[in-house]
Amino acid sequence: MKTLIRTSILLSFCLIAFTSMTLKPKRIIFFGDSITQQGVSKNGYVTLIKKSLDSTKYEVLGAGIGGNKVYDLYLRLEDDVLNKKPDLVVIYVGINDVWHKQSSHTGTDYDKYLKFYQALINKIQGVGSKVILVTPSVVGEKKDGTNELDADLNKYAAGIRELAKKNNLPLCDLRKIFAEYEAKNNPEDKEKDILTTDRVHLNETGNKLVAEQLLPLVK
């Protein structure tokens, strides 16, 4: 009888432990700059993804800070990402690395950009978390490579594609996706107001597009 009671208690504890493990939601962190910082706003892409996922199965967090470049992400990786023990980290950085080279001469050289990006991947994977890469989108929405920084953005985006291939990681190629969208939906060749509010930061349509592209990858 005592053995039966002990067995029942043990089975109950095992069931509780198993249930706790199965109910633990998948923690996703979106890691980036002001685009991601704004992504947690009411109509931001992070919020839209969060609303589209079952809250009992997914926990969605934003870790974006305005003005950040890849080096800034590397410096705050431990506190803002790794200490939160994510299951998945989506890295979306690169606009400021390119843009700030022109605007304030504080951008990131291409080789250093890729080295720090690879270091982020290594550290995140080192704690057992999965990674998704995102190419930098736009600084200006004109078509056919006529924005001032298009050449640099294309180069940096190509570098991210190579990192995704090298590390066998999922890629959300926003650079390509935005270009295709602009080709179809920007007949007046506007510099902003198609997917962005100011040539860089996402408007409502831009946030929806980014959310739609990332959602299948994070599930």
# chains A, B, ... in the order shown; residues from 1 in each chain; ligands from 1
>>> residues_around(residues="Ile121 (chain A)", least_positions_apart="2", cutoff="10 Å", atoms="only C-alpha atoms", output="PDB file with N, CA and C atoms, in the first residue's frame")
ATOM      1  N   TYR A  74      26.284  44.159 -30.000  1.00  0.00           N
ATOM      2  CA  TYR A  74      27.259  43.247 -29.396  1.00  0.00           C
ATOM      3  C   TYR A  74      27.517  43.620 -27.929  1.00  0.00           C
ATOM      4  N   VAL A  89      16.317  34.322 -31.522  1.00  0.00           N
ATOM      5  CA  VAL A  89      16.677  35.746 -31.623  1.00  0.00           C
ATOM      6  C   VAL A  89      16.647  36.154 -33.092  1.00  0.00           C
ATOM      7  N   ILE A  91      17.808  38.984 -35.537  1.00  0.00           N
ATOM      8  CA  ILE A  91      18.750  40.114 -35.610  1.00  0.00           C
ATOM      9  C   ILE A  91      18.404  40.977 -36.819  1.00  0.00           C
ATOM     10  N   LYS A 115      32.155  41.052 -39.170  1.00  0.00           N
ATOM     11  CA  LYS A 115      32.841  40.390 -38.044  1.00  0.00           C
ATOM     12  C   LYS A 115      32.004  40.475 -36.769  1.00  0.00           C
ATOM     13  N   PHE A 116      31.449  41.644 -36.493  1.00  0.00           N
ATOM     14  CA  PHE A 116      30.616  41.791 -35.297  1.00  0.00           C
ATOM     15  C   PHE A 116      29.314  41.008 -35.441  1.00  0.00           C
ATOM     16  N   TYR A 117      28.780  40.977 -36.645  1.00  0.00           N
ATOM     17  CA  TYR A 117      27.553  40.220 -36.896  1.00  0.00           C
ATOM     18  C   TYR A 117      27.792  38.731 -36.648  1.00  0.00           C
ATOM     19  N   GLN A 118      28.918  38.226 -37.145  1.00  0.00           N
ATOM     20  CA  GLN A 118      29.264  36.824 -36.920  1.00  0.00           C
ATOM     21  C   GLN A 118      29.475  36.551 -35.433  1.00  0.00           C
ATOM     22  N   ALA A 119      30.064  37.514 -34.726  1.00  0.00           N
ATOM     23  CA  ALA A 119      30.264  37.361 -33.279  1.00  0.00           C
ATOM     24  C   ALA A 119      28.932  37.276 -32.548  1.00  0.00           C
ATOM     25  N   LYS A 123      27.757  33.981 -30.312  1.00  0.00           N
ATOM     26  CA  LYS A 123      27.396  34.069 -28.890  1.00  0.00           C
ATOM     27  C   LYS A 123      25.965  33.592 -28.644  1.00  0.00           C
ATOM     28  N   ILE A 124      25.062  33.930 -29.540  1.00  0.00           N
ATOM     29  CA  ILE A 124      23.665  33.514 -29.377  1.00  0.00           C
ATOM     30  C   ILE A 124      23.550  32.001 -29.517  1.00  0.00           C
ATOM     31  N   GLN A 125      24.188  31.455 -30.524  1.00  0.00           N
ATOM     32  CA  GLN A 125      24.155  30.008 -30.704  1.00  0.00           C
ATOM     33  C   GLN A 125      24.898  29.287 -29.582  1.00  0.00           C
ATOM     34  N   GLY A 126      25.878  29.964 -29.003  1.00  0.00           N
ATOM     35  CA  GLY A 126      26.666  29.365 -27.926  1.00  0.00           C
ATOM     36  C   GLY A 126      25.862  29.048 -26.681  1.00  0.00           C
ATOM     37  N   SER A 129      20.491  29.128 -28.321  1.00  0.00           N
ATOM     38  CA  SER A 129      19.357  29.814 -28.953  1.00  0.00           C
ATOM     39  C   SER A 129      19.478  29.772 -30.471  1.00  0.00           C
ATOM     40  N   LYS A 130      18.342  29.754 -31.135  1.00  0.00           N
ATOM     41  CA  LYS A 130      18.323  29.807 -32.594  1.00  0.00           C
ATOM     42  C   LYS A 130      18.365  31.254 -33.068  1.00  0.00           C
ATOM     43  N   VAL A 131      18.755  31.442 -34.326  1.00  0.00           N
ATOM     44  CA  VAL A 131      18.946  32.787 -34.872  1.00  0.00           C
ATOM     45  C   VAL A 131      18.294  32.904 -36.246  1.00  0.00           C
ATOM     46  N   ILE A 132      17.666  34.058 -36.478  1.00  0.00           N
ATOM     47  CA  ILE A 132      17.180  34.440 -37.799  1.00  0.00           C
ATOM     48  C   ILE A 132      17.851  35.752 -38.183  1.00  0.00           C
ATOM     49  N   LEU A 133      18.327  35.850 -39.412  1.00  0.00           N
ATOM     50  CA  LEU A 133      18.973  37.073 -39.883  1.00  0.00           C
ATOM     51  C   LEU A 133      18.015  37.875 -40.763  1.00  0.00           C
ATOM     52  N   LEU A 163      26.347  35.406 -44.749  1.00  0.00           N
ATOM     53  CA  LEU A 163      26.407  34.909 -43.366  1.00  0.00           C
ATOM     54  C   LEU A 163      25.310  33.876 -43.112  1.00  0.00           C
ATOM     55  N   ALA A 164      24.130  34.143 -43.650  1.00  0.00           N
ATOM     56  CA  ALA A 164      23.025  33.185 -43.487  1.00  0.00           C
ATOM     57  C   ALA A 164      23.380  31.854 -44.141  1.00  0.00           C
ATOM     58  N   ASN A 167      26.314  30.079 -42.172  1.00  0.00           N
ATOM     59  CA  ASN A 167      25.905  29.545 -40.875  1.00  0.00           C
ATOM     60  C   ASN A 167      24.650  28.675 -40.946  1.00  0.00           C
ATOM     61  N   LEU A 169      21.485  29.499 -41.666  1.00  0.00           N
ATOM     62  CA  LEU A 169      20.457  30.151 -40.860  1.00  0.00           C
ATOM     63  C   LEU A 169      19.315  30.672 -41.735  1.00  0.00           C
TER      64      LEU A 169
END
>>> select_by_dssp(residues="region 62-161 of chain A", states="strand (DSSP E)", output="ChimeraX atom specification")
/A:62-64,88-92,130-134
>>> residues_around(residues="region 54-64 of chain A", least_positions_apart="4", cutoff="12 Å", atoms="only C-alpha atoms", output="count of residues only")
54
>>> residues_around(residues="region 98-111 of chain A", least_positions_apart="2", cutoff="7 Å", atoms="only C-alpha atoms", output="PyMOL selection string")
chain A and resi 94-96+113-115+152-153+156
>>> select_by_dssp(residues="chain A", states="helix (DSSP H, G or I)", output="ChimeraX atom specification")
/A:2-23,34-39,45-52,70-80,82-84,95-103,110-126,150-167,174-185,204-218
>>> closest_residue(among="A:Gln213, A:Ala151, A:Glu141, A:Leu53", to="Pro187 (chain A)", atoms="only C-alpha atoms")
A:Glu141
>>> atom_distance(atom1="CA of Leu149 (chain A)", atom2="CA of Lys165 (chain A)")
24.5 Å
>>> closest_residue(among="A:Pro170, A:Glu148, A:Leu195, A:Arg161", to="Lys208 (chain A)", atoms="only C-alpha atoms")
A:Leu195
